[in-house]
Amino acid sequence: MPTRSTRSGRRALRRQMEGSQAVAAAVARCRPEVISAYPISPQTHIVEGLSDLVRTGELAPCEYLMVESEFAAMSAAIGASAAGARAYTATASQGLLYMVEALYNASGLGLPIVMTVANRAIGAPINIWNDHSDSMSQRDSGWIQLYAETTQEAVDLHVQAFKLAEELSLPVMVCMDGFILTHAYEAVDVPTQEQVDAILPPFEPRQLLDPDEPVTIGAMVGPEAFAEVKYLMHAKQMQALDLVPEIASEFSQAFGRSSGGLIHPYRSADADTIVVALGSVLGTIEEVVDELREQGVKIGAVGIRCFRPYPLEEIRASLQHARRIVVIEKAFAVGIGGIVGQNVRLALSGLGAQVHDVVAGLGGRAITKRSLHRLLADALGDRLEPGRLTFLDLDWELVERELRRTREKRRSGPHAENILRDLGVVASGSH
Amino acid sequence: MPEQPIKLYQVGTFAVGNRLLDPEQRSVQARMERSNTLTSGHRACQGCGEALGARYALDAAMRATGGRLIAANATGCLEVFSTPYPESSWQLPWLHSLFGNAPAVATGIAAALKVKGRTDVRVIGQGGDGGTMDIGFACLSGMFERNDDVLYICYDNEAYMNTGVQRSSATPPAARTANTKPVGSEPGNVFGQGKSAPLIAMAHEIPYVATATVAELRDLEYKIERAMEFHGARYVHVFVPCPLGWGCASNDTIRIARLVKETGLFPVFEAEHGEVVSVSKIRRRVPVEEYLRPQRRYAHLFGDPPRTDVIERIQATADRNIRRFGLLDDEGAS
Amino acid sequence: MFQVRIHGRGGQGVVTAAELLSVAAFGEGRHAQAFPTFGSERTGAPVVAFCRIDDKEIRLREPITDPDAVIVQDPTLLHQVDLFVGLGTEGYLLVNTSRSFAELGLDEFVRRFRAERLLTVPATEIAREHLGRPVPNAVLLGSFAALAGVVSLESVRAAILEKFPGETGRRNVAAAEAAYAHTQHEIGAPSPA
């Protein structure tokens with residue numbers, strides 16, 4: 001098995017492995033003490049991997065709870081964290097929504113839980129494939145949100161996440177694209193136990209349920225103090241803007257590779273046009289940037305690694321010289337438009353750049369180099385309507401057909417089934 | 001020499017420090033070293049059955065565990081009146097998370113203690129009937145099924161009291177609540193099948209299940225201490241009258257709790273691993289009417305004309321309980 | 001970059017085949033990326049898996065639309081799913097069947113390709129012989145190693161043994177080796193080590 005020495009001299013293990021298994025191994029090295037697991041595609045291989053590690057004793061001491069729902073998963077993590085244990089769980093999509101009440105509870109109570117979100121679309125219609133609608137729906141929950149571009153980064157971000165969470169006493173979600181990263185086989189350096197121990201000390205809670213020093217946690221707070229408590233949560237998250245790069249730097253020195261941080265610029269320093277995105281699509285985007293650069297186009301990309309807290313200053317600094325910004329995002333805010341796009345506009349307020357919101361990859365639709373080239377050609381040719389949400393590769397004919405149906409008949413039927421039938425999927429049984 | 005069985009009443013708070021009892025059998029409340037786990041200063045209503053039950057239950061649990069106890073509390077009356085910002089009347093480590101997750105939070109705490117080798121510290125989850133039997137039911141069942149080392153205590157005042165007396169799955173038939181008012185042809189709550197949390201707990205085959213009322217406080221204490229002798233999932237369901245929600249006098253709390261048992265409407269028993277092991281017999285059986293009258297939530301049954309048909313149906317439920325649980329001893333009710 | 005697309009049905013080890021191929025390439029010091037398309041897990045449903053192999057880091061994240069090689073693990077897919085979309089005339093095609101391309105109704109189709117880059121191989125039969133089970137994936141990898149020369153038989157061997165330790169691994173290796181030999185014979189190529 002190929003190994004490689006890191007700069008620090010300790011031998012890391014580089015393996016060709018499934019993303020989920022790599023994340024499971026990395027999480028295990030972080031010595032979680034309580035793992036609460038409820039299965040949902042596409043996170044299942046992570047919790048299964050961790051289950052194996054606990055059963056064989058490779059991850060010990062660790063209590064692995066097979067809970068009855070995602071709501072229970074986060075609730076058990078809350079109890080465990082408050083009782084002083086390093087707690088971890090993983091979910092996606094519908095599961096994330098099912099635990100929303102508990103998400104806000106965890107961040108409100110300041111519990112440093114780490115959770116993997118294997119990004120997946122939210123129904124209805126039910127869809128198991130990747131997009132960012134799940135984690136984006138929780139961007140205001142008070143959780144820190146980190147987005148991995150590659151499997152290696154997903155591995156590294158989990159180590160950084162525990163450290164970040166415990167230093168700030170805030171929960172952190174590490175987002176990795178479902179199926180695209182979780183189920184892909186790639187070469188990964190899984191940190192050794194010694195490497196992780198050197199960077200991540202044992203959990204020292206700021207608050208603890210301890211019979212020797214009883215405390216009451218979770219009391220009601222009325223109008224006289226609620227605003228202050230909530231402000232503190234905001235202030236703590238803002239501290240992450242300093243701590244995230246610090247921890248990324250510490251990680252880089254220990255492991256000899258760059259992972260995480262707030263943003264990741266790619267050939268953007270002298271670019272006229274900059275593409276902004278989160279997650280694995282950045283890999284494809286970087287390929288396209290390289291190809292366009294070869295044609296002499298001054299284009300670059302900025303990947304947002306830390307979406308919450310929002311690194312407004314860093315994003316502004318990385319984009320302010322560009323004339324044209326194309327934000328490509330895998331979710332959108334129904335009734336208003338792009339989410340990341342709005343956030344980017346906020347960072348660029350007062351500047352003259354044109355910002356285009358492009359929604360792509362919803363429900364797992366592949367974002368291809370071909371489509372990106374077409375899109376960017378339109379952007380570069382000023383053919384994208386400014387201020388209008390662009391849906392990449394949307395089949396307008398299908399949409400029109402369904403809209404016509406709804407105009408013609410009151411009992412027009414469910415949209416999803418109608419469109420599937422138009423596509424020949426439902427009746428034909430070909431796939 | 002002829003023998004005559006003499007029925008003794010347990011009188012309740014006045015006799016709690018009864019000097020005729022062996023010191024070991026005296027109530028925890030009679031001891032100087034009681035924990036006062038739920039100490040004074042909380043904002044419960046006058047006559048609150050839940051405050052009474054919680055105080056006895058938790059002090060008994062603290063005694064049984066040498067004060068090594070952590071509690072997870074659901075949202076509800078108990079949580080609200082015990083932690084009025086900026087004060088808390090809890091003298092043990094106490095966590096309130098959400099309405100529906102107290103059992104799961106308790107599970108998490110127990111897991112943390114286990115992984116850290118803190119075998120000396122025990123865990124209680126507690127909540128009202130709403131948080132336990134409705135919104136928290138899935139988490140409760142999950143905790144039971146996994147046999148997590150948690151004692152869950154449900155304080156059942158038969159409605160969502162904290163939010164203004166709305167109906168829960170524990171609300172008995174014909175009872176008035178804010179959304180089961182005595183209007184229309186079927187006044188009060190519907191006559192359904194009921195939802196017996198203790199029987200459901202028994203169906204999970206957990207080590208220990210018990211019911212108790214605040215009329216027999218030593219019995220409540222005994223059951224909590226007994227529960228603490230087991231490891232694994234345990235459930236104690238405590239009947240706690242709510243003067244405000246039920247419309248009864250605040251000094252009638254204990255009396256009403258005694259009446260619910262003596263009618264047979266609330267069977268008091270213990271079960272281990274799914275089988276009933278002891279039943280607390282009715283001492284002096286009373287018709288359900290005697291229990292219903294002091295509560296304004298049943299006032300509509302005693303109007304002009306009275307709803308004897310409804311009262312008869314309630315009586316039938318009591319009769320069924322008596323038969324099903326064997327609540328009368330061989331000599332029958334006197 | 002060399003891109004392989006593998007078609008089959010759920011339960012035939014299509015996804016594993018792509019993974020093994022990526023491990024084999026990794027073992028040779030190259031970069032490889034393998035991933036499946038996903039439906040809900042269901043035996044018998046059409047499955048597609050992909051493997052990219054390159055000498056530099058692979059950043060691209062999209063299904064393979066222009067494969068350099070297509071491997072078909074289940075010939076019953078042939079006239080149901082478009083298995084060959086994007087496969088150029090220089091491409092490799094490996095089909096698991098005991099019949100010939102002509103018997104499959106593909107003789108017209110395969111004429112546009114280079115003859116030495118096409119092959120049918122009775123992988124299910126070979127698998128049954130060596131493994132006792134009709135799982136053709138390792139067999140097809142052995143055959144592919146000979147056909148395309150993108151990964152060596154040795155790398156395929158190592159990948160199989162890493163994933164399937166013990167008797168299962170050994171038998172799968174034997175099956176792959178048999179397929180390799182068979183393929184070499186069929187295409188008449190000299191054997192690399």
# chains A, B, ... in the order shown; residues from 1 in each chain; ligands from 1

$ interface_residues --of "chain B" --to "chain A" --cutoff "10 Å" --atoms "only C-alpha atoms" --output "JSON, numbers by chain"
{"B": [67, 68, 69, 70, 71, 72, 73, 75, 79, 80, 81, 82, 83, 84, 85, 86, 87, 88, 89, 90, 91, 92, 93, 94, 95, 96, 97, 98, 99, 100, 101, 102, 103, 104, 105, 106, 107, 108, 109, 110, 111, 112, 113, 114, 115, 116, 117, 121, 122, 136, 138, 139, 140, 141, 142, 143, 145, 146, 148]}

$ select_by_dssp --residues "region 6-163 of chain C" --states "strand (DSSP E)" --output "JSON, numbers by chain"
{"C": [6, 7, 8, 9, 31, 32, 33, 34, 35, 36, 46, 47, 48, 49, 50, 51, 52, 53, 54, 69, 70, 71, 72, 92, 93, 94, 95, 96, 118, 119, 120, 121]}

$ closest_atom_pairs --of "chain C" --to "chain A" --cutoff "7 Å" --atoms "only C-alpha atoms" --output "Markdown table"
| residue | atom | partner | partner_atom | distance |
| --- | --- | --- | --- | --- |
| C:Glu19 | CA | A:Tyr185 | CA | 6.2 |
| C:Val23 | CA | A:Gln16 | CA | 5.7 |
| C:Phe26 | CA | A:Gln16 | CA | 6.6 |
| C:Ala32 | CA | A:Glu186 | CA | 6.1 |
| C:Gln33 | CA | A:Glu186 | CA | 5.1 |
| C:Ala34 | CA | A:Tyr185 | CA | 4.9 |
| C:Phe35 | CA | A:Ala184 | CA | 4.5 |
| C:Pro46 | CA | A:His431 | CA | 6.5 |
| C:Arg59 | CA | A:Gly283 | CA | 4.3 |
| C:Leu60 | CA | A:Thr284 | CA | 4.4 |
| C:Arg61 | CA | A:Thr284 | CA | 5.6 |
| C:Glu62 | CA | A:Thr368 | CA | 5.8 |
| C:Gln80 | CA | A:Ser430 | CA | 6.6 |

$ write_last_selection --atoms "N, CA and C atoms" --output "PDB file, in the first residue's frame"
ATOM      1  N   GLU C  19     -14.566   0.548  -9.254  1.00  0.00           N
ATOM      2  CA  GLU C  19     -13.706   0.808  -8.105  1.00  0.00           C
ATOM      3  C   GLU C  19     -12.394   0.051  -8.238  1.00  0.00           C
ATOM      4  N   VAL C  23      -8.572   1.374  -8.381  1.00  0.00           N
ATOM      5  CA  VAL C  23      -7.525   0.934  -7.447  1.00  0.00           C
ATOM      6  C   VAL C  23      -6.328   0.400  -8.217  1.00  0.00           C
ATOM      7  N   PHE C  26      -4.450   3.323  -9.519  1.00  0.00           N
ATOM      8  CA  PHE C  26      -3.776   3.961  -8.390  1.00  0.00           C
ATOM      9  C   PHE C  26      -2.520   3.191  -8.024  1.00  0.00           C
ATOM     10  N   ALA C  32      -6.878   8.218 -10.332  1.00  0.00           N
ATOM     11  CA  ALA C  32      -8.088   7.573 -10.843  1.00  0.00           C
ATOM     12  C   ALA C  32      -9.299   8.005 -10.039  1.00  0.00           C
ATOM     13  N   GLN C  33     -10.423   8.054 -10.730  1.00  0.00           N
ATOM     14  CA  GLN C  33     -11.679   8.481 -10.085  1.00  0.00           C
ATOM     15  C   GLN C  33     -12.749   7.523 -10.553  1.00  0.00           C
ATOM     16  N   ALA C  34     -13.424   6.884  -9.622  1.00  0.00           N
ATOM     17  CA  ALA C  34     -14.494   5.948  -9.988  1.00  0.00           C
ATOM     18  C   ALA C  34     -15.760   6.320  -9.252  1.00  0.00           C
ATOM     19  N   PHE C  35     -16.881   6.257  -9.954  1.00  0.00           N
ATOM     20  CA  PHE C  35     -18.141   6.569  -9.288  1.00  0.00           C
ATOM     21  C   PHE C  35     -19.293   5.985 -10.085  1.00  0.00           C
ATOM     22  N   PRO C  46     -30.832  -1.326 -14.350  1.00  0.00           N
ATOM     23  CA  PRO C  46     -29.616  -0.914 -15.069  1.00  0.00           C
ATOM     24  C   PRO C  46     -28.752  -0.007 -14.204  1.00  0.00           C
ATOM     25  N   ARG C  59      -9.944  16.610 -11.717  1.00  0.00           N
ATOM     26  CA  ARG C  59     -10.815  17.572 -11.032  1.00  0.00           C
ATOM     27  C   ARG C  59     -12.252  17.513 -11.552  1.00  0.00           C
ATOM     28  N   LEU C  60     -12.401  16.959 -12.744  1.00  0.00           N
ATOM     29  CA  LEU C  60     -13.694  16.919 -13.402  1.00  0.00           C
ATOM     30  C   LEU C  60     -14.687  16.087 -12.604  1.00  0.00           C
ATOM     31  N   ARG C  61     -15.924  16.608 -12.495  1.00  0.00           N
ATOM     32  CA  ARG C  61     -16.966  15.881 -11.765  1.00  0.00           C
ATOM     33  C   ARG C  61     -18.209  15.818 -12.623  1.00  0.00           C
ATOM     34  N   GLU C  62     -18.219  14.967 -13.599  1.00  0.00           N
ATOM     35  CA  GLU C  62     -19.443  14.788 -14.372  1.00  0.00           C
ATOM     36  C   GLU C  62     -19.440  13.369 -14.922  1.00  0.00           C
ATOM     37  N   GLN C  80     -31.965  -2.043 -24.973  1.00  0.00           N
ATOM     38  CA  GLN C  80     -32.842  -1.314 -24.053  1.00  0.00           C
ATOM     39  C   GLN C  80     -32.264   0.036 -23.665  1.00  0.00           C
TER      40      GLN C  80
END

$ residues_around --residues "Gly91 (chain C)" --least-positions-apart "3" --cutoff "12 Å" --atoms "only C-alpha atoms" --output "PyMOL selection string"
chain C and resi 2-5+66-71+84-88+94+110+112-119+147-148

$ residues_around --residues "Glu262 (chain B)" --least-positions-apart "4" --cutoff "10 Å" --atoms "only C-alpha atoms" --output "list in words"
Ile256, Ala257, Arg258, Phe266, Pro267, Val268, Lys281, Ile282, Arg283, Arg284, Arg285, Val286, Pro287, Val288, Glu290, Tyr291, Ala318, Ile322, Leu327, Leu328 and Ala333 of chain B

$ residues_around --residues "Val196 (chain A)" --least-positions-apart "2" --cutoff "9 Å" --atoms "only C-alpha atoms" --output "ChimeraX atom specification"
/A:26,29-30,159,191-194,198-201

$ write_last_selection --atoms "N, CA and C atoms" --output "PDB file, in the first residue's frame"
ATOM      1  N   ALA A  26     -11.530   9.342   9.032  1.00  0.00           N
ATOM      2  CA  ALA A  26     -11.068  10.615   9.587  1.00  0.00           C
ATOM      3  C   ALA A  26     -11.837  10.976  10.851  1.00  0.00           C
ATOM      4  N   ARG A  29     -10.635   9.041  13.757  1.00  0.00           N
ATOM      5  CA  ARG A  29      -9.380   9.538  14.309  1.00  0.00           C
ATOM      6  C   ARG A  29      -9.585  10.734  15.227  1.00  0.00           C
ATOM      7  N   CYS A  30     -10.712  11.402  15.049  1.00  0.00           N
ATOM      8  CA  CYS A  30     -10.989  12.564  15.903  1.00  0.00           C
ATOM      9  C   CYS A  30     -11.523  12.136  17.266  1.00  0.00           C
ATOM     10  N   VAL A 159     -11.505  17.091  10.631  1.00  0.00           N
ATOM     11  CA  VAL A 159     -10.522  17.298  11.705  1.00  0.00           C
ATOM     12  C   VAL A 159     -10.561  18.754  12.155  1.00  0.00           C
ATOM     13  N   PRO A 191      -5.478  10.946   7.649  1.00  0.00           N
ATOM     14  CA  PRO A 191      -4.548  11.271   8.735  1.00  0.00           C
ATOM     15  C   PRO A 191      -4.414  10.107   9.709  1.00  0.00           C
ATOM     16  N   THR A 192      -3.215   9.964  10.249  1.00  0.00           N
ATOM     17  CA  THR A 192      -3.012   8.929  11.265  1.00  0.00           C
ATOM     18  C   THR A 192      -3.543   9.423  12.596  1.00  0.00           C
ATOM     19  N   GLN A 193      -3.661   8.485  13.515  1.00  0.00           N
ATOM     20  CA  GLN A 193      -4.143   8.838  14.844  1.00  0.00           C
ATOM     21  C   GLN A 193      -3.203   9.850  15.500  1.00  0.00           C
ATOM     22  N   GLU A 194      -1.900   9.641  15.337  1.00  0.00           N
ATOM     23  CA  GLU A 194      -0.958  10.565  15.978  1.00  0.00           C
ATOM     24  C   GLU A 194      -1.081  11.966  15.400  1.00  0.00           C
ATOM     25  N   ALA A 198      -2.214  15.193  17.616  1.00  0.00           N
ATOM     26  CA  ALA A 198      -1.316  16.333  17.774  1.00  0.00           C
ATOM     27  C   ALA A 198      -2.030  17.658  17.528  1.00  0.00           C
ATOM     28  N   ILE A 199      -3.052  17.634  16.725  1.00  0.00           N
ATOM     29  CA  ILE A 199      -3.726  18.888  16.384  1.00  0.00           C
ATOM     30  C   ILE A 199      -5.050  19.056  17.123  1.00  0.00           C
ATOM     31  N   LEU A 200      -5.626  17.949  17.572  1.00  0.00           N
ATOM     32  CA  LEU A 200      -6.944  18.006  18.226  1.00  0.00           C
ATOM     33  C   LEU A 200      -6.862  17.435  19.635  1.00  0.00           C
ATOM     34  N   PRO A 201      -6.823  18.310  20.637  1.00  0.00           N
ATOM     35  CA  PRO A 201      -6.734  17.823  22.021  1.00  0.00           C
ATOM     36  C   PRO A 201      -8.089  17.284  22.485  1.00  0.00           C
TER      37      PRO A 201
END

$ atom_distance --atom1 "CA of Thr91 (chain A)" --atom2 "CA of Phe332 (chain A)"
20.5 Å

$ atom_distance --atom1 "CA of Pro294 (chain B)" --atom2 "CA of Ser250 (chain B)"
11.0 Å

$ closest_residue --among "A:Ala269, A:Leu164, A:Val399, A:Ala353" --to "His415 (chain A)" --atoms "only C-alpha atoms"
A:Val399

$ residues_around --residues "region 130-146 of chain C" --least-positions-apart "4" --cutoff "8 Å" --atoms "only C-alpha atoms" --output "ChimeraX atom specification"
/C:12-14,16-17,21,71,73,94,96,121,123-126,150-153,156,160,168,171-184,191

$ write_last_selection --atoms "C-alpha atoms" --output "compact mmCIF listing (two decimals), in the first residue's frame"
# COMPACT_ATOMS: atom_id res chain seq x y z
CA GLN C 12 -23.50 -7.80 -11.00
CA GLY C 13 -20.72 -5.87 -9.34
CA VAL C 14 -20.65 -3.02 -11.85
CA THR C 16 -17.13 -2.69 -7.78
CA ALA C 17 -15.66 -3.15 -11.23
CA LEU C 21 -10.20 -0.43 -11.98
CA ILE C 71 -17.56 -2.42 -20.87
CA GLN C 73 -21.46 -6.62 -18.19
CA LEU C 94 -15.82 -5.19 -24.31
CA ASN C 96 -19.80 -9.99 -21.74
CA VAL C 121 -15.87 -12.53 -23.86
CA ALA C 123 -17.22 -13.63 -18.72
CA THR C 124 -20.24 -15.08 -16.95
CA GLU C 125 -19.21 -18.59 -17.97
CA ILE C 126 -15.61 -18.00 -16.92
CA VAL C 150 -4.47 0.81 -19.66
CA VAL C 151 -3.84 -1.15 -16.50
CA SER C 152 -1.68 -4.23 -16.15
CA LEU C 153 -2.88 -7.64 -15.10
CA VAL C 156 -5.78 -5.81 -11.46
CA ILE C 160 -8.82 -7.72 -6.47
CA THR C 168 -12.72 -15.26 -2.85
CA ARG C 171 -10.59 -17.27 -7.28
CA ASN C 172 -11.43 -13.88 -8.71
CA VAL C 173 -7.78 -13.45 -9.63
CA ALA C 174 -7.77 -16.84 -11.31
CA ALA C 175 -10.86 -15.85 -13.25
CA ALA C 176 -9.30 -12.54 -14.26
CA GLU C 177 -6.14 -14.31 -15.37
CA ALA C 178 -8.13 -16.76 -17.42
CA ALA C 179 -9.95 -13.91 -19.08
CA TYR C 180 -6.68 -12.10 -19.71
CA ALA C 181 -5.23 -15.13 -21.43
CA HIS C 182 -8.39 -15.68 -23.42
CA THR C 183 -8.39 -12.07 -24.58
CA GLN C 184 -4.76 -12.12 -25.58
CA SER C 191 1.59 -10.30 -23.76

$ select_by_dssp --residues "region 6-243 of chain B" --states "alpha helix (DSSP H)" --output "PDB file with C-alpha atoms, in the first residue's frame"
ATOM      1  CA  GLY B  49     -49.621  17.989  41.566  1.00  0.00           C
ATOM      2  CA  GLU B  50     -46.607  17.962  39.268  1.00  0.00           C
ATOM      3  CA  ALA B  51     -44.457  20.052  41.590  1.00  0.00           C
ATOM      4  CA  LEU B  52     -45.368  17.743  44.435  1.00  0.00           C
ATOM      5  CA  GLY B  53     -44.673  14.604  42.426  1.00  0.00           C
ATOM      6  CA  ALA B  54     -41.414  15.915  41.011  1.00  0.00           C
ATOM      7  CA  ARG B  55     -40.103  16.926  44.384  1.00  0.00           C
ATOM      8  CA  TYR B  56     -40.777  13.509  45.889  1.00  0.00           C
ATOM      9  CA  ALA B  57     -39.591  11.601  42.851  1.00  0.00           C
ATOM     10  CA  LEU B  58     -36.337  13.462  42.425  1.00  0.00           C
ATOM     11  CA  ASP B  59     -35.393  13.542  46.073  1.00  0.00           C
ATOM     12  CA  ALA B  60     -36.007   9.798  46.191  1.00  0.00           C
ATOM     13  CA  ALA B  61     -33.856   9.343  43.105  1.00  0.00           C
ATOM     14  CA  MET B  62     -31.102  11.487  44.595  1.00  0.00           C
ATOM     15  CA  ARG B  63     -31.214   9.406  47.748  1.00  0.00           C
ATOM     16  CA  ALA B  64     -31.018   6.196  45.758  1.00  0.00           C
ATOM     17  CA  CYS B  77     -45.085  23.227  33.052  1.00  0.00           C
ATOM     18  CA  LEU B  78     -42.355  21.647  35.129  1.00  0.00           C
ATOM     19  CA  GLU B  79     -39.622  23.143  32.983  1.00  0.00           C
ATOM     20  CA  VAL B  80     -41.234  26.546  32.854  1.00  0.00           C
ATOM     21  CA  PHE B  81     -42.159  27.016  36.490  1.00  0.00           C
ATOM     22  CA  SER B  82     -38.876  25.628  37.735  1.00  0.00           C
ATOM     23  CA  ALA B 102     -36.315  14.537  26.421  1.00  0.00           C
ATOM     24  CA  PRO B 103     -35.966  10.738  26.105  1.00  0.00           C
ATOM     25  CA  ALA B 104     -33.395  11.097  23.316  1.00  0.00           C
ATOM     26  CA  VAL B 105     -31.455  13.744  25.212  1.00  0.00           C
ATOM     27  CA  ALA B 106     -31.417  11.451  28.228  1.00  0.00           C
ATOM     28  CA  THR B 107     -30.155   8.681  25.969  1.00  0.00           C
ATOM     29  CA  GLY B 108     -27.308  10.929  24.856  1.00  0.00           C
ATOM     30  CA  ILE B 109     -26.395  11.850  28.412  1.00  0.00           C
ATOM     31  CA  ALA B 110     -26.388   8.189  29.436  1.00  0.00           C
ATOM     32  CA  ALA B 111     -24.153   7.355  26.473  1.00  0.00           C
ATOM     33  CA  ALA B 112     -21.714  10.096  27.416  1.00  0.00           C
ATOM     34  CA  LEU B 113     -21.543   8.893  30.999  1.00  0.00           C
ATOM     35  CA  LYS B 114     -21.014   5.338  29.835  1.00  0.00           C
ATOM     36  CA  VAL B 115     -18.213   6.210  27.472  1.00  0.00           C
ATOM     37  CA  ASP B 129     -48.077  13.745  29.258  1.00  0.00           C
ATOM     38  CA  PHE B 137     -43.426   9.319  21.829  1.00  0.00           C
ATOM     39  CA  ALA B 138     -41.080   8.207  19.067  1.00  0.00           C
ATOM     40  CA  CYS B 139     -38.053   9.156  21.130  1.00  0.00           C
ATOM     41  CA  LEU B 140     -39.540   7.393  24.149  1.00  0.00           C
ATOM     42  CA  SER B 141     -40.100   4.215  22.204  1.00  0.00           C
ATOM     43  CA  GLY B 142     -36.614   4.386  20.743  1.00  0.00           C
ATOM     44  CA  MET B 143     -35.103   4.770  24.186  1.00  0.00           C
ATOM     45  CA  PHE B 144     -37.136   1.793  25.427  1.00  0.00           C
ATOM     46  CA  GLU B 145     -36.217  -0.384  22.492  1.00  0.00           C
ATOM     47  CA  ARG B 146     -32.534   0.286  22.923  1.00  0.00           C
ATOM     48  CA  ALA B 197     -48.218   4.695  28.210  1.00  0.00           C
ATOM     49  CA  PRO B 198     -47.500   2.200  30.986  1.00  0.00           C
ATOM     50  CA  LEU B 199     -48.922  -0.678  28.921  1.00  0.00           C
ATOM     51  CA  ILE B 200     -46.976   0.504  25.893  1.00  0.00           C
ATOM     52  CA  ALA B 201     -43.847   0.655  28.029  1.00  0.00           C
ATOM     53  CA  MET B 202     -44.551  -2.885  29.160  1.00  0.00           C
ATOM     54  CA  ALA B 203     -44.936  -3.986  25.552  1.00  0.00           C
ATOM     55  CA  LEU B 217     -46.209   9.651  48.196  1.00  0.00           C
ATOM     56  CA  ARG B 218     -44.275   6.952  50.012  1.00  0.00           C
ATOM     57  CA  ASP B 219     -45.393   4.575  47.298  1.00  0.00           C
ATOM     58  CA  LEU B 220     -44.085   7.018  44.678  1.00  0.00           C
ATOM     59  CA  GLU B 221     -40.777   7.247  46.479  1.00  0.00           C
ATOM     60  CA  TYR B 222     -40.560   3.487  46.759  1.00  0.00           C
ATOM     61  CA  LYS B 223     -41.168   3.076  43.055  1.00  0.00           C
ATOM     62  CA  ILE B 224     -38.496   5.575  42.107  1.00  0.00           C
ATOM     63  CA  GLU B 225     -36.007   3.923  44.425  1.00  0.00           C
ATOM     64  CA  ARG B 226     -37.007   0.517  43.108  1.00  0.00           C
ATOM     65  CA  ALA B 227     -36.541   1.766  39.552  1.00  0.00           C
ATOM     66  CA  PRO B 243     -56.044  22.450  39.970  1.00  0.00           C
TER      67      PRO B 243
END

$ atom_distance --atom1 "CA of Ile53 (chain C)" --atom2 "CA of Arg30 (chain C)"
7.0 Å

$ residues_around --residues "Glu246 (chain A)" --least-positions-apart "3" --cutoff "12 Å" --atoms "only C-alpha atoms" --output "ChimeraX atom specification"
/A:160,163-164,167,239-243,249-253,258-262
